[in-house]
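Pasting model_23.txt here (compact mmCIF, C-alpha atoms):
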# COMPACT_ATOMS: atom_id res chain seq x y z
CA MET A 1 56.25 46.59 70.78
CA LEU A 2 57.22 48.71 67.79
CA ALA A 3 57.58 52.46 68.23
CA HIS A 4 54.55 53.33 66.12
CA GLU A 5 52.40 50.76 67.95
CA ARG A 6 53.33 52.35 71.27
CA PHE A 7 52.60 55.74 69.77
CA GLU A 8 49.13 54.61 68.69
CA GLU A 9 48.47 53.03 72.08
CA GLU A 10 49.76 55.73 74.40
CA VAL A 11 50.09 59.03 72.54
CA LEU A 12 47.31 59.08 69.94
CA PRO A 13 44.54 59.03 72.60
CA HIS A 14 45.90 62.39 73.81
CA LEU A 15 45.86 64.08 70.41
CA ASP A 16 42.87 66.22 71.42
CA ALA A 17 44.59 67.32 74.63
CA GLY A 18 47.74 68.18 72.66
CA TYR A 19 45.79 70.11 70.04
CA ASN A 20 43.79 71.97 72.67
CA LEU A 21 47.01 73.13 74.38
CA ALA A 22 48.63 74.07 71.06
CA ARG A 23 45.51 75.96 70.00
CA TRP A 24 45.48 78.02 73.21
CA LEU A 25 49.22 78.68 73.01
CA ALA A 26 49.31 79.63 69.32
CA ARG A 27 45.85 81.27 69.31
CA ASN A 28 45.17 80.16 65.76
CA ALA A 29 44.31 76.87 64.06
CA HIS A 30 47.05 76.90 61.42
CA ASP A 31 50.01 77.19 63.82
CA ALA A 32 48.39 74.76 66.26
CA ASP A 33 48.20 72.16 63.49
CA ASP A 34 51.91 72.61 62.63
CA VAL A 35 52.92 72.43 66.29
CA VAL A 36 50.98 69.23 66.94
CA GLN A 37 52.33 67.52 63.83
CA GLU A 38 55.90 68.43 64.83
CA ALA A 39 55.19 67.24 68.40
CA CYS A 40 53.92 63.87 67.11
CA MET A 41 57.12 63.34 65.15
CA ARG A 42 59.21 64.15 68.23
CA ALA A 43 57.03 61.90 70.39
CA LEU A 44 57.72 58.99 68.03
CA ARG A 45 61.46 59.69 68.15
CA TYR A 46 61.58 59.80 71.97
CA ILE A 47 58.93 57.15 72.62
CA ASN A 48 61.39 55.11 74.71
CA SER A 49 61.52 57.87 77.34
CA LEU A 50 57.73 57.56 77.92
CA ARG A 51 56.85 55.80 81.17
CA ALA A 52 53.62 53.79 81.05
CA GLY A 53 50.55 55.76 82.11
CA GLN A 54 52.28 59.15 81.73
CA GLY A 55 51.11 59.66 78.15
CA ARG A 56 49.14 62.86 78.66
CA PRO A 57 51.62 65.04 80.62
CA TRP A 58 54.50 63.62 78.57
CA PHE A 59 52.88 64.49 75.24
CA LEU A 60 51.73 67.91 76.49
CA ALA A 61 55.33 68.72 77.49
CA ILE A 62 56.46 67.84 73.95
CA VAL A 63 53.70 69.97 72.39
CA ARG A 64 54.75 72.88 74.56
CA HIS A 65 58.42 72.51 73.60
CA ALA A 66 57.49 72.33 69.93
CA TYR A 67 55.54 75.58 70.30
CA TYR A 68 58.37 77.37 72.12
CA ASP A 69 60.84 76.22 69.46
CA SER A 70 58.57 77.62 66.75
CA LEU A 71 58.58 80.95 68.59
CA LYS A 72 62.38 80.99 68.67
CA VAL A 73 62.47 80.44 64.91
CA ASN A 74 60.08 83.36 64.43
CA ARG A 75 61.81 85.47 67.15
CA SER A 76 58.47 86.16 68.73
CA SER A 77 57.97 88.86 71.36
CA GLU A 78 56.04 86.26 73.38
CA LEU A 79 59.38 85.03 74.70
CA ALA A 80 60.39 88.43 76.14
CA GLY A 81 60.50 89.02 79.88
CA ASP A 82 60.89 86.93 82.98
CA PRO A 83 57.75 84.83 83.59
CA ASP A 84 58.16 84.90 87.36
CA GLY A 85 59.46 88.45 87.78
CA PHE A 86 57.96 90.71 90.41
CA GLU A 87 56.99 93.45 87.99
CA GLU A 88 53.35 94.03 87.19
CA VAL A 89 52.13 91.58 84.59
CA MET A 90 51.89 93.31 81.25
CA VAL A 91 48.71 92.27 79.58
CA HIS A 92 48.94 92.85 75.88
CA GLY A 93 46.34 92.81 73.16
CA VAL A 94 46.54 90.31 70.33
CA ALA A 95 47.83 91.66 67.02
CA GLU A 96 44.88 91.82 64.65
CA ASP A 97 45.47 89.75 61.57
CA PRO A 98 42.22 90.03 59.54
CA GLN A 99 41.78 86.27 59.19
CA LEU A 100 42.41 85.71 62.89
CA ALA A 101 40.06 88.53 63.77
CA ALA A 102 37.27 86.93 61.74
CA GLU A 103 37.94 83.57 63.32
CA ARG A 104 37.85 85.19 66.73
CA ARG A 105 34.60 87.07 66.15
CA ASP A 106 32.92 83.79 65.25
CA GLU A 107 33.66 81.91 68.38
CA ALA A 108 35.33 83.87 71.09
CA SER A 109 33.42 84.82 74.17
CA ALA A 110 34.62 87.60 76.44
CA LEU A 111 36.24 84.90 78.53
CA ALA A 112 38.12 83.34 75.61
CA ARG A 113 39.31 86.81 74.49
CA ALA A 114 40.56 87.54 78.00
CA MET A 115 42.39 84.20 78.05
CA GLU A 116 44.03 84.95 74.71
CA ALA A 117 45.23 88.32 75.97
CA LEU A 118 47.10 86.75 78.90
CA PRO A 119 50.89 86.52 78.58
CA LEU A 120 52.10 83.09 77.47
CA PRO A 121 53.38 81.78 80.86
CA LEU A 122 50.07 82.61 82.53
CA ARG A 123 47.93 81.40 79.63
CA GLU A 124 49.57 77.98 79.49
CA VAL A 125 49.33 77.30 83.22
CA LEU A 126 45.64 78.21 83.23
CA VAL A 127 44.85 75.99 80.22
CA LEU A 128 46.69 73.04 81.77
CA ARG A 129 44.75 73.47 84.98
CA GLU A 130 41.25 74.48 83.88
CA SER A 131 40.91 72.91 80.47
CA GLU A 132 43.13 69.82 80.82
CA GLU A 133 42.53 69.47 84.58
CA LEU A 134 46.09 68.41 85.36
CA SER A 135 47.29 68.29 88.97
CA TYR A 136 49.94 70.78 90.16
CA LYS A 137 52.46 67.94 90.07
CA GLU A 138 51.65 67.11 86.45
CA ILE A 139 51.72 70.79 85.46
CA ALA A 140 55.14 71.14 87.15
CA ARG A 141 56.35 68.22 85.04
CA VAL A 142 54.94 69.66 81.80
CA LEU A 143 56.45 73.10 82.44
CA GLY A 144 59.69 71.81 83.99
CA VAL A 145 59.37 74.10 87.04
CA PRO A 146 58.90 73.49 90.81
CA ILE A 147 55.36 73.11 92.20
CA GLY A 148 55.74 76.42 94.07
CA THR A 149 56.18 78.18 90.74
CA VAL A 150 53.04 76.50 89.38
CA MET A 151 51.17 77.77 92.42
CA SER A 152 52.33 81.37 92.06
CA ARG A 153 51.83 81.50 88.29
CA LEU A 154 48.28 80.15 88.63
CA ALA A 155 47.47 82.75 91.27
CA ARG A 156 48.87 85.55 89.09
CA ALA A 157 47.05 84.18 86.04
CA ARG A 158 43.75 84.29 87.89
CA LEU A 159 44.32 87.85 89.13
CA ALA A 160 45.27 88.97 85.62
CA LEU A 161 42.23 87.27 84.09
CA GLN A 162 39.96 88.87 86.65
CA LYS A 163 41.25 92.31 85.64
CA LEU A 164 40.57 91.57 81.98
CA LEU A 165 36.99 90.43 82.47
CA PRO A 166 34.05 92.83 82.51
CA PRO A 167 33.49 93.57 86.22
CA MET A 168 29.78 92.74 86.26
CA ASN A 169 30.47 89.16 85.27
CA ILE A 170 32.81 88.31 88.08
CA GLY A 171 33.20 89.45 91.64
CA ARG A 172 30.35 90.74 93.72
CA ASP A 173 30.23 94.03 95.63
CA GLY A 174 33.20 95.59 93.83
CA GLY A 175 34.22 97.39 97.02
CA ASP A 176 36.92 95.02 98.15
CA SER A 177 39.62 94.89 95.49
CA ALA A 178 42.81 92.89 95.21
CA GLN A 179 44.81 95.80 96.62
CA GLY A 180 46.75 95.41 99.83
CA ARG A 181 47.28 91.69 99.47
CA ILE A 182 50.54 90.00 98.67
CA MET B 1 47.26 82.66 111.00
CA SER B 2 47.43 86.44 111.28
CA GLY B 3 46.55 89.00 108.60
CA HIS B 4 45.28 87.81 105.25
CA ALA B 5 46.17 84.60 103.43
CA THR B 6 48.21 85.03 100.25
CA ILE B 7 46.46 84.70 96.91
CA GLU B 8 48.75 81.72 96.11
CA ARG B 9 47.44 79.86 99.09
CA LEU B 10 43.78 80.74 98.44
CA SER B 11 44.10 79.69 94.81
CA ALA B 12 45.76 76.37 95.76
CA PHE B 13 42.99 75.86 98.34
CA VAL B 14 40.32 76.29 95.65
CA ASP B 15 42.21 73.79 93.45
CA GLY B 16 42.23 71.20 96.25
CA GLU B 17 46.04 71.31 96.17
CA LEU B 18 46.57 72.41 99.76
CA HIS B 19 46.94 69.43 102.06
CA GLY B 20 47.16 68.42 105.72
CA LEU B 21 47.87 71.05 108.34
CA ARG B 22 48.07 73.90 105.80
CA ARG B 23 44.58 73.11 104.55
CA ARG B 24 43.13 72.86 108.08
CA LEU B 25 44.75 76.11 109.20
CA LEU B 26 43.45 77.97 106.17
CA ALA B 27 39.96 76.48 106.55
CA ARG B 28 39.91 77.74 110.16
CA HIS B 29 41.15 81.18 109.06
CA LEU B 30 38.40 81.38 106.41
CA ARG B 31 35.70 80.85 109.02
CA GLY B 32 36.86 83.98 110.83
CA CYS B 33 37.96 86.22 107.96
CA GLY B 34 35.26 87.62 105.69
CA GLY B 35 37.77 89.19 103.29
CA CYS B 36 39.58 85.95 102.54
CA ALA B 37 36.33 83.96 102.39
CA ALA B 38 34.98 86.42 99.80
CA ARG B 39 38.21 86.04 97.84
CA VAL B 40 37.76 82.25 97.84
CA ALA B 41 34.18 82.65 96.63
CA GLU B 42 35.45 84.85 93.80
CA LEU B 43 38.08 82.31 92.81
CA GLU B 44 35.53 79.52 92.87
CA LEU B 45 33.18 81.53 90.70
CA MET B 46 35.92 82.13 88.14
CA ARG B 47 36.91 78.48 88.25
CA SER B 48 33.39 77.24 87.54
CA ARG B 49 33.01 79.85 84.82
CA LEU B 50 36.22 78.74 83.12
CA GLN B 51 35.25 75.11 83.34
CA SER B 52 31.79 75.62 81.93
CA GLU B 53 32.49 78.29 79.28
CA LEU B 54 36.03 77.70 78.13
CA ARG B 55 35.91 75.88 74.83
CA ARG B 56 38.10 72.84 74.43
CA HIS B 57 39.49 72.69 70.91
CA PRO B 58 39.47 69.11 69.58
CA ALA B 59 42.00 68.09 66.91
CA PRO B 60 40.56 68.73 63.42
CA PRO B 61 39.58 65.51 61.56
CA GLU B 62 42.14 66.24 58.84
CA LEU B 63 45.01 66.27 61.41
CA ARG B 64 43.60 63.17 63.09
CA GLN B 65 43.78 61.30 59.78
CA ARG B 66 47.20 62.62 58.82
CA VAL B 67 49.06 61.78 62.05
CA PRO B 68 48.72 57.94 62.09
CA THR B 69 49.82 57.73 58.43
CA LEU B 70 52.78 59.99 59.09
CA ILE B 71 53.81 57.99 62.16
CA ALA B 72 53.48 54.64 60.36
CA ASP B 73 55.61 55.95 57.45
CA LEU B 74 58.32 57.34 59.73
CA SER B 75 58.32 54.23 61.87
CA THR B 76 58.77 51.61 59.12
CA GLY B 77 61.91 53.42 57.98
CA GLY B 78 63.50 53.14 61.43
CA ALA B 79 62.16 49.68 62.30
CA ARG B 80 64.53 47.81 59.96
CA GLU B 81 67.62 49.16 61.72
CA ARG B 82 66.25 48.41 65.18
CA GLY B 83 65.13 44.87 64.28
CA ALA B 84 68.76 43.80 63.80
CA ARG B 85 69.79 44.59 67.38
CA ARG B 86 66.66 43.69 69.33
CA ALA B 87 67.58 41.71 72.47
CA ARG B 88 66.32 38.16 72.94
CA VAL B 89 63.66 37.91 75.65
CA PRO B 90 64.74 35.47 78.39
CA GLY B 91 62.62 32.31 78.44
CA TRP B 92 60.73 30.45 81.18
CA PRO B 93 62.52 27.07 81.52
CA TRP B 94 64.83 28.14 84.40
CA LEU B 95 61.81 29.23 86.44
CA VAL B 96 59.96 25.93 85.92
CA GLY B 97 63.11 23.96 86.83
CA SER B 98 63.62 25.69 90.15
CA ALA B 99 59.94 25.38 91.08
CA LEU B 100 60.10 21.61 90.68
CA ALA B 101 62.81 21.43 93.37
CA GLY B 102 60.16 21.07 96.09
CA SER B 103 56.39 20.56 96.23
CA VAL B 104 55.92 23.55 98.57
CA ILE B 105 57.55 25.81 96.07
CA THR B 106 55.44 24.28 93.30
CA LEU B 107 52.23 24.91 95.25
CA THR B 108 53.24 28.49 95.99
CA LEU B 109 54.03 29.01 92.36
CA LEU B 110 50.62 27.62 91.38
CA LEU B 111 48.89 30.03 93.71
CA VAL B 112 50.92 32.90 92.35
CA VAL B 113 50.16 31.82 88.79
CA ASN B 114 46.44 31.65 89.61
CA LEU B 115 46.55 35.15 91.08
CA VAL B 116 48.53 36.43 88.13
CA VAL B 117 46.17 34.80 85.64
CA GLY B 118 43.21 36.41 87.46
CA ARG B 119 44.94 39.77 87.29
CA ILE B 120 45.78 39.28 83.64
CA ALA B 121 42.13 38.42 82.87
CA ALA B 122 41.02 41.58 84.70
CA ARG B 123 43.67 43.56 82.87
CA ASP B 124 42.49 42.17 79.53
CA ILE B 125 38.94 43.31 80.20
CA VAL B 126 40.12 46.76 81.22
CA ALA B 127 42.44 46.92 78.21
CA GLU B 128 39.50 46.08 75.94
CA ALA B 129 37.28 48.62 77.69
CA VAL B 130 39.92 51.34 77.36
CA ALA B 131 40.41 50.40 73.68
CA ASP B 132 36.62 50.65 73.13
CA HIS B 133 36.61 54.04 74.87
CA VAL B 134 39.48 55.31 72.69
CA ARG B 135 37.87 53.98 69.50
CA ALA B 136 34.57 55.58 70.42
CA THR B 137 36.04 58.96 71.30
CA LEU B 138 38.28 59.00 68.23
CA GLY B 139 35.72 57.57 65.87
CA GLN B 140 32.61 58.87 64.28
CA HIS B 141 29.97 57.09 66.37
CA PRO B 142 30.63 57.25 70.10
CA ILE B 143 26.86 56.96 70.62
CA GLU B 144 24.40 54.71 68.80
CA VAL B 145 21.30 55.86 70.65
CA ALA B 146 21.59 59.55 71.45
CA SER B 147 19.20 60.62 74.16
CA ALA B 148 19.28 62.19 77.61
CA ASP B 149 16.07 60.29 78.40
CA ARG B 150 16.71 57.03 80.20
CA HIS B 151 13.31 55.76 79.10
CA THR B 152 14.64 55.87 75.53
CA VAL B 153 18.16 54.55 76.20
CA LYS B 154 17.21 51.60 78.41
CA PRO B 155 14.73 49.90 76.03
CA TRP B 156 17.06 50.48 73.08
CA LEU B 157 19.85 48.62 74.90
CA ALA B 158 17.54 45.93 76.32
CA ALA B 159 16.25 45.14 72.81
CA ARG B 160 19.79 44.32 71.70
CA LEU B 161 20.98 42.36 74.74
CA ASP B 162 19.71 39.46 76.82
CA TYR B 163 19.59 41.69 79.90
CA SER B 164 18.30 45.14 80.76
CA PRO B 165 20.97 47.47 82.13
CA PRO B 166 19.97 50.10 84.72
CA VAL B 167 20.20 53.62 83.28
CA GLN B 168 20.40 56.68 85.53
CA ASP B 169 20.13 60.35 84.69
CA LEU B 170 22.56 62.27 86.91
CA ALA B 171 22.47 65.58 85.05
CA ALA B 172 21.62 67.42 88.27
CA GLU B 173 24.98 66.30 89.66
CA GLY B 174 26.95 67.33 86.61
CA PHE B 175 26.93 63.99 84.81
CA GLU B 176 24.78 64.40 81.73
CA LEU B 177 23.51 61.25 80.02
CA LEU B 178 24.36 61.44 76.31
CA GLY B 179 23.12 58.00 75.26
CA GLY B 180 24.40 54.48 74.80
CA ARG B 181 25.88 51.93 72.44
CA ILE B 182 26.69 48.22 72.25
CA ASP B 183 30.34 47.19 72.68
CA ARG B 184 32.11 43.85 72.98
CA LEU B 185 34.11 42.81 76.05
CA ARG B 186 35.76 39.38 75.92
CA GLY B 187 33.52 38.44 73.04
CA GLU B 188 30.28 39.26 74.91
CA ARG B 189 27.96 42.06 73.86
CA VAL B 190 27.71 44.65 76.64
CA ALA B 191 25.77 47.85 77.21
CA THR B 192 27.84 51.04 77.24
CA LEU B 193 26.35 54.17 78.78
CA VAL B 194 27.90 57.45 77.69
CA TYR B 195 27.96 60.39 80.08
CA ARG B 196 29.53 63.82 79.90
CA HIS B 197 31.17 65.59 82.82
CA ARG B 198 32.26 69.11 81.91
CA LEU B 199 34.52 68.58 78.88
CA HIS B 200 35.08 64.87 79.38
CA LEU B 201 33.31 61.77 78.13
CA ILE B 202 32.78 58.86 80.49
CA ASP B 203 31.97 55.38 79.20
CA VAL B 204 30.33 52.97 81.63
CA PHE B 205 30.32 49.32 80.54
CA VAL B 206 27.47 47.45 82.24
CA ARG B 207 27.10 43.65 82.19
CA PRO B 208 25.56 40.97 84.41
CA LEU B 209 27.83 40.27 87.40
CA PRO B 210 30.51 37.64 86.67
CA ALA B 211 31.15 34.90 89.26
CA ALA B 212 33.99 36.78 90.93
CA ALA B 213 34.87 40.38 90.27
CA PRO B 214 38.63 40.30 89.68
CA LYS B 215 40.99 43.03 90.79
CA ALA B 216 41.24 45.43 87.89
CA PRO B 217 43.93 48.06 87.26
CA ARG B 218 42.96 51.63 88.18
CA ARG B 219 44.78 53.30 85.36
CA LEU B 220 45.68 52.22 81.85
CA ARG B 221 47.15 54.09 78.88
CA GLY B 222 46.64 57.36 80.73
CA PHE B 223 42.94 56.79 81.36
CA ASN B 224 41.33 56.31 84.74
CA VAL B 225 39.32 53.17 85.34
CA ALA B 226 36.75 52.55 88.08
CA HIS B 227 35.06 49.29 88.91
CA ALA B 228 31.96 48.58 91.01
CA SER B 229 28.98 46.27 91.27
CA GLY B 230 25.38 46.64 92.36
CA GLY B 231 21.92 45.31 91.54
CA GLY B 232 23.38 42.13 90.04
CA MET B 233 25.42 44.14 87.54
CA ASP B 234 29.12 44.78 87.06
CA PHE B 235 30.13 48.36 86.16
CA LEU B 236 33.38 49.40 84.53
CA ALA B 237 33.89 53.13 83.92
CA VAL B 238 36.62 54.57 81.68
CA SER B 239 37.40 58.25 81.23
CA ASP B 240 40.06 60.95 81.32
CA VAL B 241 38.32 62.75 84.22
CA GLU B 242 40.20 62.79 87.50
CA ALA B 243 40.18 59.48 89.40
CA ASP B 244 38.31 60.95 92.41
CA VAL B 245 35.53 62.29 90.20
CA LEU B 246 35.21 59.01 88.33
CA ASN B 247 35.05 56.98 91.56
CA ALA B 248 32.45 59.30 93.09
CA PHE B 249 30.38 59.17 89.90
CA LEU B 250 30.43 55.39 89.77
CA ALA B 251 29.61 55.10 93.48
CA ARG B 252 26.63 57.39 92.88
CA LEU B 253 25.53 55.42 89.82
CA THR B 254 25.62 52.06 91.59
CA ALA B 255 24.11 53.35 94.85
CA GLU B 256 20.87 54.16 93.03
CA THR B 257 20.72 50.89 91.18
CA PRO B 258 17.77 48.79 92.37
CA ALA B 259 18.15 45.00 92.59
CA ARG B 260 16.57 43.19 89.68
Starting from the file, give its structure as structure tokens.
Amino acid sequence: MLAHERFEEEVLPHLDAGYNLARWLARNAHDADDVVQEACMRALRYINSLRAGQGRPWFLAIVRHAYYDSLKVNRSSELAGDPDGFEEVMVHGVAEDPQLAAERRDEASALARAMEALPLPLREVLVLRESEELSYKEIARVLGVPIGTVMSRLARARLALQKLLPPMNIGRDGGDSAQGRI
Amino acid sequence: MSGHATIERLSAFVDGELHGLRRRLLARHLRGCGGCAARVAELELMRSRLQSELRRHPAPPELRQRVPTLIADLSTGGARERGARRARVPGWPWLVGSALAGSVITLTLLLVVNLVVGRIAARDIVAEAVADHVRATLGQHPIEVASADRHTVKPWLAARLDYSPPVQDLAAEGFELLGGRIDRLRGERVATLVYRHRLHLIDVFVRPLPAAAPKAPRRLRGFNVAHASGGGMDFLAVSDVEADVLNAFLARLTAETPAR
């Protein structure tokens, strides 16, 4: 089978999944589009390394790499820091570009805004789990980390998201907080 | 287990990613520890909120059109070089020759060939079903009759087929009926029911039961496939939802199907 036929068969069906990941990573439609197009070109080049039935995690890993490479080119601050360090997770606001702000006002719920404010390593693991519904094993493959790291990043992502959400929407009595637990 | 469970463990528990002894120990701990049980409830609440509210961003139509053209252009440039050094595929004659060495071997080979042909036929059907699913989800008309009312969908399908497929509404269980369409499997017109589970589309191909339901592959091109029969009908479901969910859904769908 020719490379582009395999691409159409096994990669193209996952274009939505790839775009969804890119869109959550980049947080805007323009960069997501560039990242996915670059990822498709790479996927075609490396199509021989794709094992049958692994299309989705394989393509998502390529999309993720393409995004990280675009950050390196732009020397983004998103790459700063150790994703699995023990320090308190720094949750930063999103820089307000007027066009992005307008786009965000249109669609973003409190939940989506909270997701977008999560640091990159926590945001990506949560999207892969909750939006793409990948297993821990598949996420480990996409991120290139051990399953234990997936587990701890997901837990930290959920704690961080909980802090960002208005308290009345999540949690119940409010008395018992996350304090005192490791 | 003494003290409280770690948040890592509770979160993996909620994800169904804690197995065996670890899962049983934690489940026992949760029965006796209100703090950890409340934490699990919180995590579950957040999980269901994320899954119901978090928007999935589909690829814009413009990108969807651009990518195949780009890939075809890039690929034809490289194909000429590769064509020159493509290896010859080994042929069959040596296999036939050795099988003729004894009638026992020939018989065995025939049985194997029969099995393989059966599998290939099943695989072809699944391959067609997956291709239909992909075309429908990529294309402009995944649904020809859009309605959550089975009393609308069923007659629409029956009017276009020589059988009347059973249509269930399982919205209460998280599988919302979106409608139906007519597809072709192995040249025959079949009814396709379209359901939505969270962010995923599920296509269920329903046709009168064939003589023998062949063993079909469970996964193809990254999609999960489930197969079942009931009420004189054969059901083939294709989706990108998790295999367990798809199997449970299809079991539920066929359990309710009355005999014709």
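With only C-alpha atoms as the atoms that count, the minimum distance from Gly174 (chain B) to the choices B:Met46, B:Ala129, B:Leu201, B:Leu209 is reached by B:Leu201.
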Got a sec to pull out which chain B residues are within 8 Å of chain A, counting all atoms listed in the file, and send them as number ranges by chain?
B: 4, 6-9, 11-12, 17, 35, 42-43, 45-47, 50-51, 53-59, 63-64, 67-68, 71-72, 75, 79, 134, 138, 199, 219-223, 241-242
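One finds CA of His227 (chain B) at 7.7 Å from CA of Leu250 (chain B).
Note that CA of Gly232 (chain B) and CA of Pro208 (chain B) are 6.1 Å apart.
Distances here use all atoms listed in the file; by that measure, the residue among A:Ala61, A:Val73, A:Ala117, A:Met1 closest to Arg27 (chain A) is A:Ala117.
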